[in-house]
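Peer 1: File follows, data-v5.cif with mmCIF, C-alpha atoms:
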data_start
loop_
_atom_site.label_atom_id
_atom_site.label_comp_id
_atom_site.auth_asym_id
_atom_site.auth_seq_id
_atom_site.Cartn_x
_atom_site.Cartn_y
_atom_site.Cartn_z
CA MET A 289 191.60 8.17 3.64
CA VAL A 290 194.97 6.80 4.79
CA PHE A 291 195.43 4.54 1.77
CA ASN A 292 194.15 7.15 -0.67
CA SER A 293 196.52 9.80 0.71
CA LEU A 294 199.68 7.72 1.05
CA PHE A 295 199.41 5.35 -1.92
CA PRO A 296 200.11 7.92 -4.70
CA VAL A 297 203.05 9.44 -2.81
CA PHE A 298 204.84 6.21 -1.95
CA VAL A 299 204.20 4.65 -5.36
CA LEU A 300 205.83 7.65 -7.02
CA ILE A 301 208.79 7.41 -4.62
CA LEU A 302 209.15 3.71 -5.43
CA SER A 303 208.85 4.51 -9.13
CA GLY A 304 211.68 7.01 -8.82
CA SER A 305 213.93 4.31 -7.38
CA LEU A 306 212.94 1.77 -10.06
CA LEU A 307 213.32 4.22 -12.94
CA LYS A 308 216.89 4.99 -11.91
CA ARG A 309 217.69 1.32 -11.28
CA PHE A 310 216.59 0.41 -14.81
CA GLY A 311 218.39 3.34 -16.40
CA LEU A 312 215.30 5.29 -17.46
CA THR A 313 216.58 8.28 -15.46
CA ASN A 314 220.16 9.27 -14.76
CA ASP A 315 222.13 11.67 -12.57
CA VAL A 316 222.11 14.46 -15.18
CA PHE A 317 218.32 14.34 -15.53
CA LEU A 318 217.79 14.14 -11.76
CA GLN A 319 220.16 17.03 -11.02
CA THR A 320 218.38 19.21 -13.57
CA SER A 321 214.99 18.13 -12.24
CA ASP A 322 216.04 18.89 -8.65
CA ARG A 323 217.10 22.41 -9.61
CA LEU A 324 213.82 23.06 -11.43
CA ILE A 325 211.83 21.78 -8.43
CA TYR A 326 213.85 23.64 -5.82
CA TYR A 327 214.28 26.98 -7.57
CA ILE A 328 211.13 27.28 -9.67
CA PHE A 329 208.22 24.86 -9.36
CA PHE A 330 208.02 24.41 -5.58
CA PRO A 331 208.50 28.08 -4.66
CA ILE A 332 205.77 28.99 -7.18
CA LEU A 333 203.46 26.34 -5.71
CA LEU A 334 204.00 27.65 -2.17
CA PHE A 335 203.66 31.30 -3.19
CA TRP A 336 200.43 30.52 -5.04
CA LYS A 337 198.75 28.56 -2.26
CA ILE A 338 199.85 30.83 0.59
CA GLY A 339 199.22 34.01 -1.41
CA ALA A 340 195.58 33.01 -1.85
CA ALA A 341 195.12 32.14 1.83
CA PRO A 342 192.67 34.01 4.07
CA THR A 343 194.57 36.34 6.38
CA ASP A 344 193.10 34.67 9.49
CA LEU A 345 195.36 31.65 8.86
CA PHE A 346 198.39 33.70 9.86
CA GLY A 347 197.05 34.19 13.37
CA ASN A 348 196.97 30.44 14.13
CA SER A 349 199.77 30.79 16.67
CA ALA A 350 198.89 27.61 18.59
CA LEU A 351 199.98 25.37 15.70
CA TYR A 352 203.20 27.28 15.16
CA LYS A 353 204.06 27.40 18.88
CA SER A 354 203.46 23.65 19.10
CA ALA A 355 205.82 22.99 16.21
CA ILE A 356 208.59 25.25 17.50
CA LEU A 357 208.48 23.89 21.06
CA THR A 358 208.40 20.30 19.83
CA VAL A 359 211.44 20.77 17.59
CA VAL A 360 213.39 22.50 20.38
CA ILE A 361 212.57 19.73 22.90
CA VAL A 362 213.53 16.93 20.49
CA TYR A 363 216.69 18.86 19.65
CA ILE A 364 217.58 18.99 23.35
CA LEU A 365 216.80 15.29 23.85
CA SER A 366 218.81 14.22 20.79
CA THR A 367 221.74 16.41 21.87
CA ALA A 368 221.62 14.82 25.33
CA PHE A 369 221.76 11.41 23.65
CA ILE A 370 224.82 12.54 21.66
CA VAL A 371 226.62 13.64 24.84
CA VAL A 372 225.61 10.72 27.09
CA PHE A 373 226.30 7.98 24.55
CA LYS A 374 229.34 9.73 23.07
CA VAL A 375 228.31 9.79 19.43
CA PRO A 376 231.52 10.43 17.40
CA ASP A 377 231.96 14.08 16.37
CA PHE A 378 232.09 13.11 12.69
CA LYS A 379 228.60 11.58 12.94
CA VAL A 380 226.98 14.19 15.20
CA GLY A 381 225.83 16.58 12.48
CA SER A 382 224.10 13.93 10.39
CA PHE A 383 222.57 12.23 13.42
CA SER A 384 221.29 15.46 14.97
CA GLN A 385 219.68 16.73 11.77
CA SER A 386 217.92 13.45 11.06
CA CYS A 387 216.14 13.62 14.43
CA TYR A 388 214.08 16.73 13.63
CA ARG A 389 214.47 17.88 10.00
CA PHE A 390 211.45 17.14 7.81
CA ASN A 391 210.94 16.32 4.15
CA THR A 392 209.20 19.33 2.67
CA TYR A 393 208.25 17.66 -0.61
CA ILE A 394 206.59 14.63 0.96
CA GLY A 395 204.85 16.92 3.43
CA VAL A 396 203.35 19.09 0.71
CA ALA A 397 202.28 16.05 -1.33
CA ILE A 398 200.51 14.32 1.57
CA VAL A 399 198.93 17.47 3.02
CA LEU A 400 197.59 18.42 -0.40
CA SER A 401 196.33 14.89 -1.02
CA ALA A 402 194.69 14.48 2.41
CA LEU A 403 193.57 18.02 3.28
CA GLY A 404 193.48 19.98 0.03
CA GLU A 405 194.38 23.62 -0.44
CA ASP A 406 193.33 24.73 3.04
CA GLY A 407 195.74 22.24 4.61
CA LEU A 408 198.53 23.24 2.24
CA ARG A 409 198.17 26.89 3.21
CA HIS A 410 198.56 26.02 6.90
CA PHE A 411 201.52 23.81 6.07
CA GLY A 412 203.20 26.43 3.88
CA ILE A 413 203.04 29.08 6.61
CA LEU A 414 204.39 26.53 9.11
CA MET A 415 207.29 25.82 6.75
CA GLY A 416 208.18 29.49 6.47
CA ILE A 417 208.38 29.74 10.26
CA ILE A 418 210.08 26.45 11.15
CA ILE A 419 212.70 25.97 8.39
CA PRO A 420 214.97 28.87 9.50
CA ILE A 421 214.83 27.68 13.13
CA ILE A 422 215.76 24.11 12.17
CA ASN A 423 218.66 25.29 10.03
CA VAL A 424 220.07 27.42 12.85
CA LEU A 425 219.91 24.39 15.20
CA CYS A 426 221.60 22.15 12.63
CA VAL A 427 224.46 24.52 11.85
CA SER A 428 225.05 25.40 15.52
CA THR A 429 225.28 21.72 16.48
CA MET A 430 227.69 20.80 13.71
CA ILE A 431 229.96 23.73 14.53
CA TRP A 432 229.90 22.96 18.27
CA PHE A 433 230.78 19.29 17.80
CA SER A 434 233.12 19.80 14.85
CA GLY A 435 236.22 19.20 16.98
CA GLU A 436 238.00 22.08 15.27
CA LYS A 437 239.65 24.82 17.29
CA THR A 438 239.08 27.32 14.53
CA PHE A 439 236.09 27.51 12.27
CA SER A 440 235.89 28.42 8.62
CA TYR A 441 233.78 31.55 8.81
CA SER A 442 233.49 31.69 5.04
CA ARG A 443 231.92 28.24 5.08
CA ILE A 444 229.57 29.23 7.90
CA TRP A 445 228.59 32.33 5.94
CA GLN A 446 227.82 30.16 2.92
CA VAL A 447 225.41 28.14 5.03
CA VAL A 448 223.79 31.26 6.53
CA LYS A 449 223.49 32.78 3.07
CA GLY A 450 221.88 29.57 1.88
CA ILE A 451 219.27 29.80 4.65
CA ILE A 452 218.47 33.43 3.88
CA SER A 453 218.18 32.76 0.15
CA ASN A 454 216.34 29.43 0.46
CA PRO A 455 213.79 29.48 -2.41
CA LEU A 456 211.21 27.58 -0.34
CA ILE A 457 211.43 30.12 2.49
CA LEU A 458 211.28 32.97 -0.01
CA GLY A 459 208.21 31.40 -1.62
CA CYS A 460 206.48 31.11 1.77
CA VAL A 461 207.42 34.61 2.98
CA SER A 462 206.48 36.29 -0.30
CA GLY A 463 203.17 34.39 -0.26
CA ILE A 464 202.44 35.66 3.26
CA ILE A 465 203.23 39.24 2.21
CA TYR A 466 201.09 38.96 -0.93
CA ALA A 467 198.14 37.50 0.98
CA ASN A 468 198.12 40.52 3.28
CA LEU A 469 198.37 43.01 0.41
CA ALA A 470 196.07 41.55 -2.26
CA ASP A 471 192.92 39.50 -2.59
CA GLY A 472 193.76 36.42 -4.63
CA PHE A 473 195.28 36.15 -8.12
CA PRO A 474 193.91 37.04 -11.57
CA PRO A 475 192.60 34.00 -13.49
CA TYR A 476 195.47 33.99 -16.00
CA ILE A 477 198.03 33.91 -13.16
CA GLU A 478 196.04 31.16 -11.44
CA GLY A 479 196.24 29.12 -14.65
CA LEU A 480 199.99 29.61 -14.94
CA PHE A 481 200.65 28.66 -11.32
CA GLN A 482 198.38 25.64 -11.61
CA LEU A 483 200.37 24.29 -14.58
CA CYS A 484 203.62 24.77 -12.66
CA SER A 485 202.18 22.88 -9.68
CA PHE A 486 201.34 19.91 -11.92
CA ALA A 487 205.07 19.43 -12.53
CA ALA A 488 206.30 20.07 -8.99
CA LEU A 489 204.99 17.14 -6.95
CA PRO A 490 205.49 14.19 -9.37
CA LEU A 491 209.04 15.27 -10.17
CA ALA A 492 209.82 15.76 -6.47
CA MET A 493 208.58 12.27 -5.53
CA LEU A 494 210.54 10.63 -8.37
CA SER A 495 213.65 12.52 -7.27
CA ILE A 496 213.28 11.38 -3.65
CA GLY A 497 212.95 7.76 -4.75
CA ALA A 498 216.00 7.97 -7.01
CA ALA A 499 218.10 9.44 -4.18
CA LEU A 500 217.30 6.73 -1.62
CA SER A 501 220.37 4.67 -0.71
CA ILE A 502 219.05 1.44 0.77
CA GLY A 503 222.49 -0.18 0.91
CA SER A 504 223.77 2.39 3.39
CA ILE A 505 221.22 1.34 6.02
CA LYS A 506 222.99 -1.92 6.86
CA GLU A 507 226.31 -0.21 7.64
CA HIS A 508 224.71 2.47 9.84
CA LEU A 509 221.66 0.62 11.12
CA LYS A 510 222.01 1.42 14.83
CA LEU A 511 222.37 5.21 14.66
CA SER A 512 219.97 5.61 11.73
CA LEU A 513 217.35 3.55 13.58
CA ILE A 514 217.77 5.62 16.76
CA ALA A 515 217.54 8.83 14.72
CA SER A 516 214.39 7.52 13.03
CA GLY A 517 213.00 6.75 16.49
CA PHE A 518 213.50 10.37 17.52
CA LYS A 519 212.00 11.64 14.27
CA LEU A 520 209.06 9.25 13.84
CA VAL A 521 208.17 8.35 17.45
CA VAL A 522 209.46 10.90 19.96
CA LEU A 523 208.77 13.99 17.86
CA PRO A 524 205.17 12.99 16.95
CA VAL A 525 204.37 12.08 20.57
CA VAL A 526 205.77 15.34 21.95
CA GLY A 527 204.09 17.25 19.14
CA TYR A 528 200.72 15.66 19.85
CA ILE A 529 201.00 16.62 23.53
CA PHE A 530 201.61 20.27 22.62
CA LEU A 531 198.83 20.29 20.01
CA MET A 532 196.43 19.09 22.70
CA LYS A 533 197.81 21.49 25.31
CA PHE A 534 197.36 24.52 23.05
CA GLY A 535 193.92 23.40 21.88
CA VAL A 536 194.73 23.01 18.18
CA THR A 537 191.75 21.55 16.30
CA GLY A 538 190.40 20.82 12.82
CA VAL A 539 192.61 21.17 9.75
CA ALA A 540 195.41 22.82 11.75
CA LEU A 541 195.57 19.77 14.04
CA LYS A 542 195.78 17.42 11.09
CA VAL A 543 198.52 19.52 9.47
CA GLY A 544 200.49 19.43 12.73
CA LEU A 545 200.13 15.66 13.04
CA ILE A 546 201.30 15.10 9.45
CA TYR A 547 204.21 17.51 9.92
CA PHE A 548 205.46 15.71 13.02
CA ALA A 549 205.19 12.29 11.31
CA LEU A 550 207.21 13.18 8.19
CA PRO A 551 210.52 11.46 7.37
CA THR A 552 213.75 13.37 7.66
CA SER A 553 214.80 15.74 4.91
CA THR A 554 216.97 14.76 1.95
CA SER A 555 218.70 18.13 2.32
CA LEU A 556 220.47 16.95 5.47
CA TYR A 557 222.90 15.13 3.14
CA ILE A 558 223.89 18.45 1.55
CA LEU A 559 224.44 20.26 4.85
CA SER A 560 226.36 17.28 6.26
CA SER A 561 228.66 17.45 3.26
CA GLN A 562 229.16 21.21 3.60
CA LEU A 563 230.15 20.96 7.27
CA ASN A 564 232.19 17.74 7.08
CA SER A 565 229.77 15.37 8.77
CA ASP A 566 229.09 11.71 7.90
CA THR A 567 227.22 11.70 4.58
CA GLU A 568 226.86 7.90 4.61
CA LEU A 569 224.98 8.07 7.91
CA ALA A 570 222.88 10.86 6.43
CA SER A 571 221.96 8.63 3.46
CA ALA A 572 221.05 5.76 5.77
CA ALA A 573 218.87 7.96 7.99
CA ILE A 574 217.07 9.44 4.98
CA ALA A 575 216.35 6.02 3.47
CA LEU A 576 215.26 4.35 6.73
CA SER A 577 213.06 7.20 7.93
CA THR A 578 211.40 7.46 4.52
CA ILE A 579 210.52 3.75 4.58
CA LEU A 580 209.31 3.80 8.21
CA SER A 581 207.37 7.03 7.77
CA PHE A 582 204.63 5.05 6.03
CA PHE A 583 203.63 3.85 9.52
CA SER A 584 203.98 7.19 11.32
CA LEU A 585 202.05 8.99 8.60
CA SER A 586 199.35 6.32 8.65
CA ALA A 587 198.96 6.87 12.40
CA ALA A 588 198.80 10.63 11.91
CA LEU A 589 196.09 10.31 9.26
CA LEU A 590 194.05 7.92 11.39
CA ILE A 591 193.71 10.42 14.23
CA ASN A 592 190.47 12.33 13.73
CA PRO A 593 190.51 16.12 14.27
CA LEU A 594 188.63 17.28 17.34
#
Show me this structure written as structure tokens.
Peer 2:
Amino acid sequence: MVFNSLFPVFVLILSGSLLKRFGLTNDVFLQTSDRLIYYIFFPILLFWKIGAAPTDLFGNSALYKSAILTVVIVYILSTAFIVVFKVPDFKVGSFSQSCYRFNTYIGVAIVLSALGEDGLRHFGILMGIIIPIINVLCVSTMIWFSGEKTFSYSRIWQVVKGIISNPLILGCVSGIIYANLADGFPPYIEGLFQLCSFAALPLAMLSIGAALSIGSIKEHLKLSLIASGFKLVVLPVVGYIFLMKFGVTGVALKVGLIYFALPTSTSLYILSSQLNSDTELASAAIALSTILSFFSLSAALLINPL
């Protein structure tokens, strides 16, 4: 199961890197592809899978409480590390984000591959709950450690507006609303959404591979490795403890384990850039955590649901 679930995802990520290296894709293609994935294909995929979910999935509070508490605890621990070890203000935003943000695209791909549609519905609802919380933590940290006496409220509003209008969140929330108002989709809509989903995951994996900056790891090895330790070791361990404490079992347990083991999000680069944090450290943390996540995800998949 581990090999079957991870092999397609990581081969596509590697292919994305190789295709760009050999000039078969370029920045213009990748930018266009990213927009299509982010604004159209992925939101449709999430809306479709969540919209067809049984309404009893939305009452699985134990999984969602476990995820929220785990993220908050790792946030506190990583912030304590920043203060105690005096991480430079310019690097704080990128470091903090990389300790608890998660890669949505890889998460969807692996959950769908390992657990099918039932797992993806759990994961989609979890995304809709946890993404706004993570973004608030990220923005708050970068503003607090910015070192500026006055803040650009227009820039902060841009970030807040981006959170509110996040297409992935909108896809999840609209799916939840639809699932509680209707009973599934007509066959012709199912067919349309299915075709859109065929494009979403392969393009997303190729894009992630093309964006990986391996060269940046060497220059920022220490902080990116520590951040990866928080993301791929501390967060899964704390998450597992809460999953056990709240009695999460079955598919929900497996979804939680995969979620905690995911690499950090590629979007942390964008937010770091918007709030003047170290984008090179962000690139290093993304690349290193993506590579090392093969091991954390393998461990998560090897744990059998109770």
Peer 1: If the PyMOL selection byres ((chain A and resi 546) around 8) is run on the structure shown, which residues does it catch, given as a short mmCIF file (atom, residue, chain, number, x, y, z; two decimals) with C-alpha atoms, in the coordinates of the input?
Peer 2:
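Output contents, as saved in selection_19.cif:
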data_model
loop_
_atom_site.label_atom_id
_atom_site.label_comp_id
_atom_site.auth_asym_id
_atom_site.auth_seq_id
_atom_site.Cartn_x
_atom_site.Cartn_y
_atom_site.Cartn_z
CA GLY A 395 204.85 16.92 3.43
CA ILE A 398 200.51 14.32 1.57
CA VAL A 399 198.93 17.47 3.02
CA LYS A 542 195.78 17.42 11.09
CA VAL A 543 198.52 19.52 9.47
CA GLY A 544 200.49 19.43 12.73
CA LEU A 545 200.13 15.66 13.04
CA TYR A 547 204.21 17.51 9.92
CA PHE A 548 205.46 15.71 13.02
CA ALA A 549 205.19 12.29 11.31
CA LEU A 550 207.21 13.18 8.19
CA LEU A 585 202.05 8.99 8.60
CA ALA A 588 198.80 10.63 11.91
CA LEU A 589 196.09 10.31 9.26
#
Peer 1: Between CA of Phe317 in chain A and CA of Leu491 in chain A, measure the distance and give it in Å to one decimal.
Peer 2: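 CA of Leu491 in chain A lies at a distance of 10.8 Å from CA of Phe317 in chain A.
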Peer 1: Report, in Å to a single decimal, how far apart CA of Gly381 in chain A and CA of Arg323 in chain A are.
Peer 2: 24.5 Å
Peer 1: Give me the range 336-387 of chain A side of the contact with range 556-573 of chain A, cut-off 10 Å, one line per residue showing its nearest atom pair and distance in Å at one decimal, counting only C-alpha atoms, sorted by chain and residue number, as CSV.
Peer 2:
residue,atom,partner,partner_atom,distance
A:Pro376,CA,A:Asp566,CA,9.9
A:Asp377,CA,A:Ser565,CA,8.0
A:Phe378,CA,A:Ser565,CA,5.1
A:Lys379,CA,A:Asp566,CA,5.1
A:Val380,CA,A:Ser565,CA,7.1
A:Gly381,CA,A:Ser565,CA,5.5
A:Ser382,CA,A:Ala570,CA,5.2
A:Phe383,CA,A:Ala570,CA,7.1
A:Ser384,CA,A:Leu556,CA,9.7
A:Gln385,CA,A:Leu556,CA,6.4
A:Ser386,CA,A:Ala573,CA,6.4
A:Cys387,CA,A:Ala573,CA,9.0
Peer 1: If the PyMOL selection byres ((chain A and resi 536) around 12) were run on this exact file, what residues would it hold? Put them as a ChimeraX atom specification.
Peer 2: /A:348-355,527-535,537-545,593-594
Peer 1: With C-alpha atoms retained, write the just-selected residues as a short mmCIF file (atom, residue, chain, number, x, y, z; two decimals), in the coordinates of the input.
Peer 2:
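For reference, part.cif as written:
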data_model
loop_
_atom_site.label_atom_id
_atom_site.label_comp_id
_atom_site.auth_asym_id
_atom_site.auth_seq_id
_atom_site.Cartn_x
_atom_site.Cartn_y
_atom_site.Cartn_z
CA ASN A 348 196.97 30.44 14.13
CA SER A 349 199.77 30.79 16.67
CA ALA A 350 198.89 27.61 18.59
CA LEU A 351 199.98 25.37 15.70
CA TYR A 352 203.20 27.28 15.16
CA LYS A 353 204.06 27.40 18.88
CA SER A 354 203.46 23.65 19.10
CA ALA A 355 205.82 22.99 16.21
CA GLY A 527 204.09 17.25 19.14
CA TYR A 528 200.72 15.66 19.85
CA ILE A 529 201.00 16.62 23.53
CA PHE A 530 201.61 20.27 22.62
CA LEU A 531 198.83 20.29 20.01
CA MET A 532 196.43 19.09 22.70
CA LYS A 533 197.81 21.49 25.31
CA PHE A 534 197.36 24.52 23.05
CA GLY A 535 193.92 23.40 21.88
CA THR A 537 191.75 21.55 16.30
CA GLY A 538 190.40 20.82 12.82
CA VAL A 539 192.61 21.17 9.75
CA ALA A 540 195.41 22.82 11.75
CA LEU A 541 195.57 19.77 14.04
CA LYS A 542 195.78 17.42 11.09
CA VAL A 543 198.52 19.52 9.47
CA GLY A 544 200.49 19.43 12.73
CA LEU A 545 200.13 15.66 13.04
CA PRO A 593 190.51 16.12 14.27
CA LEU A 594 188.63 17.28 17.34
#
Peer 1: What do you get, as JSON, numbers by chain, if you spell out every residue that the PyMOL selection byres ((chain A and resi 338) around 7) selects here?
Peer 2: {"A": [334, 335, 336, 337, 339, 340, 341, 409, 412, 460, 463, 464, 467]}
Peer 1: Would you work out the distance separating CA of Ile332 in chain A from CA of Gly459 in chain A, expressed in Å to one decimal?
Peer 2: 6.5 Å
Peer 1: Would you mind listing what lies within 9 Å of Ser577 in chain A as a PyMOL selection string, with all atoms listed in the file counted and same-chain residues fewer than 5 positions away left out?
Peer 2: chain A and resi 386+512-513+515-517+519-520+550-552+572+582
Peer 1: Based on the selection just made, write C-alpha atoms of those residues as a short mmCIF file (atom, residue, chain, number, x, y, z; two decimals), in the frame of the given file.
Peer 2:
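Saved the output as selection-v2.cif:
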data_model
loop_
_atom_site.label_atom_id
_atom_site.label_comp_id
_atom_site.auth_asym_id
_atom_site.auth_seq_id
_atom_site.Cartn_x
_atom_site.Cartn_y
_atom_site.Cartn_z
CA SER A 386 217.92 13.45 11.06
CA SER A 512 219.97 5.61 11.73
CA LEU A 513 217.35 3.55 13.58
CA ALA A 515 217.54 8.83 14.72
CA SER A 516 214.39 7.52 13.03
CA GLY A 517 213.00 6.75 16.49
CA LYS A 519 212.00 11.64 14.27
CA LEU A 520 209.06 9.25 13.84
CA LEU A 550 207.21 13.18 8.19
CA PRO A 551 210.52 11.46 7.37
CA THR A 552 213.75 13.37 7.66
CA ALA A 572 221.05 5.76 5.77
CA PHE A 582 204.63 5.05 6.03
#
Peer 1: Specify the axis-aligned box that encloses all atoms of range 539-553 of chain A listed in the file after padding of 6 Å on each side, stating its centre and edge lengths in Å to one decimal as lines of an AutoDock Vina configuration file.
Peer 2:
center_x = 203.7
center_y = 17.1
center_z = 9.5
size_x = 34.2
size_y = 23.4
size_z = 21.1
Peer 1: Contacts of range 298-306 of chain A at 8 Å or less, counting all atoms listed in the file, minus same-chain residues fewer than 5 places along, as a PyMOL selection string?
Peer 2: chain A and resi 490+493-500
Peer 1: Now that the selection is made, can you save its residues with C-alpha atoms as an mmCIF file, in the frame of the given file?
Peer 2:
data_model
loop_
_atom_site.group_PDB
_atom_site.id
_atom_site.type_symbol
_atom_site.label_atom_id
_atom_site.label_comp_id
_atom_site.auth_asym_id
_atom_site.auth_seq_id
_atom_site.Cartn_x
_atom_site.Cartn_y
_atom_site.Cartn_z
ATOM 1 C CA PRO A 490 205.490 14.190 -9.370
ATOM 2 C CA MET A 493 208.580 12.270 -5.530
ATOM 3 C CA LEU A 494 210.540 10.630 -8.370
ATOM 4 C CA SER A 495 213.650 12.520 -7.270
ATOM 5 C CA ILE A 496 213.280 11.380 -3.650
ATOM 6 C CA GLY A 497 212.950 7.760 -4.750
ATOM 7 C CA ALA A 498 216.000 7.970 -7.010
ATOM 8 C CA ALA A 499 218.100 9.440 -4.180
ATOM 9 C CA LEU A 500 217.300 6.730 -1.620
#
Peer 1: Restricting the calculation to only C-alpha atoms: of A:Ala402, A:Leu509, A:Met415, A:Val448, which residue gets closest to Val427 in chain A?
Peer 2: A:Val448
Peer 1: When distances are computed from only C-alpha atoms, which of A:Leu414, A:Leu294, A:Leu480, A:Val522 shows the smallest separation from Val461 in chain A?
Peer 2: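 Among A:Leu414, A:Leu294, A:Leu480, A:Val522, it is A:Leu414 that comes nearest to Val461 in chain A.
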Peer 1: For Thr429 in chain A, which residue out of A:Leu483, A:Val371, A:Ile514, A:Ile452 is the nearest one, using all atoms listed in the file?
Peer 2: A:Val371
Peer 1: When you count only C-alpha atoms, which of these residues is closest to Ala470 in chain A: A:Pro342, A:Arg389, A:Ser555, A:Ser453?
Peer 2: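 For Ala470 in chain A, the nearest of the given residues is A:Pro342.
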Peer 1: Extract, using only C-alpha atoms, all DNA, RNA and protein residues at most 9 Å from Ala488 in chain A, discarding same-chain residues fewer than 5 positions from it, and format them as an NGL selection string.
Peer 2: :A and (324-326 or 328-330 or 333 or 393 or 493)
Peer 1: Taking only C-alpha atoms into account, which of A:Pro420, A:Pro331, A:Gly503, A:Gly311 comes nearest Cys484 in chain A?
Peer 2: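 Distance minimum relative to Cys484 in chain A lands on A:Pro331.
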